[in-house]
Amino acid sequence: VLNIKLKQITMKDFVGILFFLSFTTGINSQAVPCSANLAAFVADQEIRDEDHFCVQNLSGTFILYVITEGPTVHDAFQKCRQNSGMLTYKTLPDEERTLYAGLMQNNGLSQAVGFSANKICYIYKIGQEGYTMERCSEEISKHYLCRYFFTIPPVPASSLFFGPNNEYEQITQQSDGGVYPDTFLSAKKSCEAKGKEVLSIENLAKFESFFDLFAEAGAFLPTLWLGMTYDPFDKKFRYCNKEIQSTFRPWCSNTNDFDDEGRLCVVLDFISGCFRQVYCGLSTPSIICQHQFSPLSTYVRVAQNLINEIKSDCKSCKKN
C-alpha cells in the first residue's frame, strides 16, 4: 500500500509511516466515555457519535471535542462559543490528533483545520506529519474542532471606566462559578460591539501613564490583551487598527521565540511590566477596551478634506 522499497526508506520516511499508521490504526489512542454532564450535553445537542470524542487529561478533567463546519472561522467560533466552547487554538497532543483523524475519516474528510489563531488556519491532513499553514479563507467552508469543558453560563458583564475622559473600559464577565474568561477573539468582539477596540500601547509615555491610571482605578490583573497580533507569513507584529504604526515593543526577557505554532497574540504582563507573546486561545479574566485610536494623521486628513471642500465652494461661488 505504501509503495516504498525497503532500501529506499529513510528516517524521514519511517517517521511518516509511523505517523500514518497512528492515524489509521489508532495506536495508543483511545477515547474515554464522556463525563455525565458532557454526555448530557451531547444528547441534548444531538451530536452524532461520529462527530465527537471525549478524553481525560492528567488532572482528571474531561474534555469534549466536536467537529464542526463553518463558512468562515468567525462562524465556527460563534458555533463553539454559543455553548461555552472554544475552537482549538494550538497543536493537539498526539492522542487527540489521532482521534480527530478518526472523526475526519468518519466524515469522509482528508483534511481539516487542526487549530486556528488570528485568521491563520493550521491544516491537518491524513497521513501528513505536522500541519500546513494557510490564511483562513472567507470563501471556502472548512471543518474545525470545538473544545468543551463543563462550564457555567455567564451573566451580564460588569464595567469599570477610568482615565481622564473615561477612555478606558474594563469589562469583566462573571458567572455563578467565578470569573468567565475571554480569549483574544472574544475580547476583540466585545470591544467592537461597544464601538471600541482592544487596548494598544503605542509609546513609553502611554505605557507609564496607563499603569498609573489602572492602579488609581483600583484594578489589577496579571495580564491584559493588547490589540496586536503576529503575522507568521510576513513575520511581523501589527496592531489590528492599521492606523497604529508604532514599533514600541518592550518584550519580556523570557518571551518565547517567535514561532509558527499559534503564539500569534500579545498580552501586557503587569507583574513584569512588558509585552509577552502567547496563544490567542488563552484566556484573561477581564479585558480593557479603549476609544478607537485616532492618530494625528487622521486629523490632518480630515482638515485637508475640509479645506478642499471650502476651496471647491469658493470656486463655485466665483463662477456664479
# chains A, B, ... in the order shown; residues from 1 in each chain; ligands from 1
$ residues_around --residues "segment 200-206 of chain A" --least-positions-apart "2" --cutoff "12 Å" --atoms "only C-alpha atoms" --output "MDAnalysis selection string"
chainID A and resid 163 168 188 196:198 208:214 224:229 238:250 266:268 273:275 287:295
$ write_last_selection --atoms "N, CA and C atoms" --output "compact mmCIF listing (two decimals), in the first residue's frame"
# COMPACT_ATOMS: atom_id res chain seq x y z
N GLY A 163 -9.69 56.76 33.45
CA GLY A 163 -8.98 57.65 32.54
C GLY A 163 -9.60 59.04 32.62
N TYR A 168 -10.98 54.46 28.88
CA TYR A 168 -10.74 53.04 29.07
C TYR A 168 -11.94 52.39 29.77
N LYS A 188 -11.80 40.90 21.43
CA LYS A 188 -11.87 41.82 20.29
C LYS A 188 -13.32 42.10 19.90
N LYS A 196 -15.56 50.20 20.26
CA LYS A 196 -14.22 50.46 20.78
C LYS A 196 -13.26 49.42 20.23
N GLU A 197 -12.03 49.42 20.73
CA GLU A 197 -11.03 48.45 20.31
C GLU A 197 -10.21 47.99 21.51
N VAL A 198 -9.54 46.86 21.34
CA VAL A 198 -8.71 46.32 22.42
C VAL A 198 -7.54 47.27 22.68
N GLU A 208 3.60 54.11 30.64
CA GLU A 208 3.74 54.50 32.04
C GLU A 208 2.44 55.09 32.60
N SER A 209 1.76 55.93 31.80
CA SER A 209 0.54 56.55 32.29
C SER A 209 -0.59 55.54 32.47
N PHE A 210 -0.63 54.53 31.60
CA PHE A 210 -1.69 53.53 31.73
C PHE A 210 -1.55 52.76 33.03
N PHE A 211 -0.33 52.40 33.39
CA PHE A 211 -0.12 51.68 34.65
C PHE A 211 -0.63 52.51 35.82
N ASP A 212 -0.35 53.83 35.79
CA ASP A 212 -0.78 54.71 36.88
C ASP A 212 -2.30 54.82 36.92
N LEU A 213 -2.93 55.02 35.77
CA LEU A 213 -4.39 55.16 35.70
C LEU A 213 -5.08 53.88 36.17
N PHE A 214 -4.54 52.74 35.76
CA PHE A 214 -5.13 51.46 36.11
C PHE A 214 -5.05 51.24 37.62
N LEU A 224 -3.22 41.46 30.43
CA LEU A 224 -4.30 42.05 29.65
C LEU A 224 -4.00 41.88 28.17
N TRP A 225 -5.03 41.62 27.38
CA TRP A 225 -4.85 41.52 25.94
C TRP A 225 -4.45 42.87 25.36
N LEU A 226 -3.55 42.86 24.39
CA LEU A 226 -3.25 44.02 23.56
C LEU A 226 -3.81 43.76 22.17
N GLY A 227 -4.22 44.83 21.49
CA GLY A 227 -4.81 44.65 20.16
C GLY A 227 -3.77 44.47 19.08
N MET A 228 -2.80 43.62 19.33
CA MET A 228 -1.68 43.39 18.42
C MET A 228 -1.55 41.89 18.14
N THR A 229 -1.27 41.53 16.91
CA THR A 229 -1.09 40.12 16.56
C THR A 229 0.12 39.94 15.65
N ARG A 238 1.66 43.46 14.18
CA ARG A 238 0.90 44.64 13.78
C ARG A 238 -0.30 44.80 14.71
N TYR A 239 -0.70 46.06 14.94
CA TYR A 239 -1.94 46.31 15.65
C TYR A 239 -3.11 46.06 14.71
N CYS A 240 -4.21 45.59 15.28
CA CYS A 240 -5.41 45.32 14.47
C CYS A 240 -5.91 46.61 13.82
N ASN A 241 -5.75 47.73 14.52
CA ASN A 241 -6.07 49.03 13.95
C ASN A 241 -4.89 49.44 13.07
N LYS A 242 -5.09 49.41 11.75
CA LYS A 242 -3.99 49.68 10.82
C LYS A 242 -3.44 51.09 10.92
N GLU A 243 -4.20 52.01 11.58
CA GLU A 243 -3.73 53.37 11.75
C GLU A 243 -2.54 53.44 12.71
N ILE A 244 -2.40 52.45 13.56
CA ILE A 244 -1.34 52.45 14.56
C ILE A 244 -0.07 51.88 13.93
N GLN A 245 0.90 52.73 13.71
CA GLN A 245 2.15 52.31 13.07
C GLN A 245 3.30 52.18 14.06
N SER A 246 2.98 52.18 15.35
CA SER A 246 4.01 52.15 16.39
C SER A 246 4.87 50.90 16.32
N THR A 247 6.16 51.07 16.61
CA THR A 247 7.08 49.93 16.71
C THR A 247 7.53 49.73 18.16
N PHE A 248 6.84 50.37 19.10
CA PHE A 248 7.17 50.23 20.53
C PHE A 248 6.85 48.81 20.97
N ARG A 249 7.89 48.05 21.37
CA ARG A 249 7.72 46.65 21.73
C ARG A 249 8.60 46.31 22.93
N PRO A 250 8.19 46.62 24.14
CA PRO A 250 9.01 46.25 25.31
C PRO A 250 8.80 44.78 25.68
N VAL A 266 -0.64 38.90 21.81
CA VAL A 266 0.24 39.57 22.76
C VAL A 266 -0.55 40.04 23.97
N VAL A 267 0.02 39.87 25.15
CA VAL A 267 -0.58 40.40 26.38
C VAL A 267 0.39 41.37 27.03
N LEU A 268 -0.19 42.28 27.79
CA LEU A 268 0.59 43.17 28.63
C LEU A 268 0.74 42.49 29.99
N GLY A 273 5.89 44.02 33.72
CA GLY A 273 5.91 45.31 33.04
C GLY A 273 6.44 45.22 31.63
N CYS A 274 5.92 44.28 30.85
CA CYS A 274 6.43 44.07 29.49
C CYS A 274 5.39 43.37 28.63
N PHE A 275 5.68 43.25 27.33
CA PHE A 275 4.82 42.54 26.39
C PHE A 275 5.23 41.07 26.33
N ILE A 287 -10.98 42.28 30.29
CA ILE A 287 -10.34 42.93 29.15
C ILE A 287 -10.44 44.45 29.31
N ILE A 288 -9.58 45.15 28.58
CA ILE A 288 -9.63 46.61 28.55
C ILE A 288 -9.94 47.04 27.12
N CYS A 289 -11.02 47.79 26.97
CA CYS A 289 -11.35 48.40 25.68
C CYS A 289 -10.99 49.89 25.77
N GLN A 290 -10.63 50.46 24.64
CA GLN A 290 -10.32 51.88 24.61
C GLN A 290 -11.06 52.55 23.46
N HIS A 291 -11.20 53.88 23.54
CA HIS A 291 -11.75 54.60 22.40
C HIS A 291 -10.87 54.33 21.20
N GLN A 292 -11.46 54.26 20.02
CA GLN A 292 -10.68 53.92 18.84
C GLN A 292 -9.56 54.93 18.63
N PHE A 293 -8.38 54.41 18.36
CA PHE A 293 -7.18 55.23 18.21
C PHE A 293 -7.31 56.13 16.98
N SER A 294 -7.06 57.42 17.17
CA SER A 294 -7.12 58.39 16.06
C SER A 294 -5.83 59.20 16.06
N PRO A 295 -4.83 58.77 15.31
CA PRO A 295 -3.55 59.47 15.30
C PRO A 295 -3.66 60.84 14.63
$ residues_around --residues "Ile47 of chain A" --least-positions-apart "2" --cutoff "12 Å" --atoms "only C-alpha atoms" --output "list in words"
Leu38, Ala39, Ala40, Phe41, Val42, Ala43, Asp44, Gln45, Asp49, Glu50, Asp51, His52, Phe53, Leu64, Tyr65, Val66, Ile67 and Thr68 of chain A
$ select_by_dssp --residues "segment 27-184 of chain A" --states "helix (DSSP H, G or I)" --output "NGL selection string"
:A and (36-44 or 49-51 or 73-81 or 94-106 or 184)
$ closest_residue --among "A:Asn107, A:Arg97, A:Gly262, A:Tyr131" --to "Arg48 of chain A" --atoms "only C-alpha atoms"
A:Asn107
$ closest_residue --among "A:Gly195, A:Gly218, A:Gly281, A:Pro93" --to "Thr183 of chain A" --atoms "only C-alpha atoms"
A:Gly281
$ atom_distance --atom1 "atom CA of Ala76 of chain A" --atom2 "atom CA of Lys125 of chain A"
19.2 Å
$ closest_residue --among "A:Leu103, A:Ile271, A:Pro222, A:Thr91" --to "Gly130 of chain A" --atoms "only C-alpha atoms"
A:Thr91
$ residues_around --residues "Arg135 of chain A" --least-positions-apart "6" --cutoff "8 Å" --atoms "only C-alpha atoms" --output "ChimeraX atom specification"
/A:119-121
$ atom_distance --atom1 "atom CA of Ala193 of chain A" --atom2 "atom CA of Phe233 of chain A"
28.9 Å
$ closest_residue --among "A:Thr72, A:Ser158, A:Thr98, A:Asn118" --to "Lys142 of chain A" --atoms "only C-alpha atoms"
A:Thr72
$ atom_distance --atom1 "atom CA of Val278 of chain A" --atom2 "atom CA of Leu221 of chain A"
16.1 Å
$ closest_residue --among "A:Leu145, A:Glu167, A:Cys80, A:Gln277" --to "Leu99 of chain A" --atoms "only C-alpha atoms"
A:Leu145
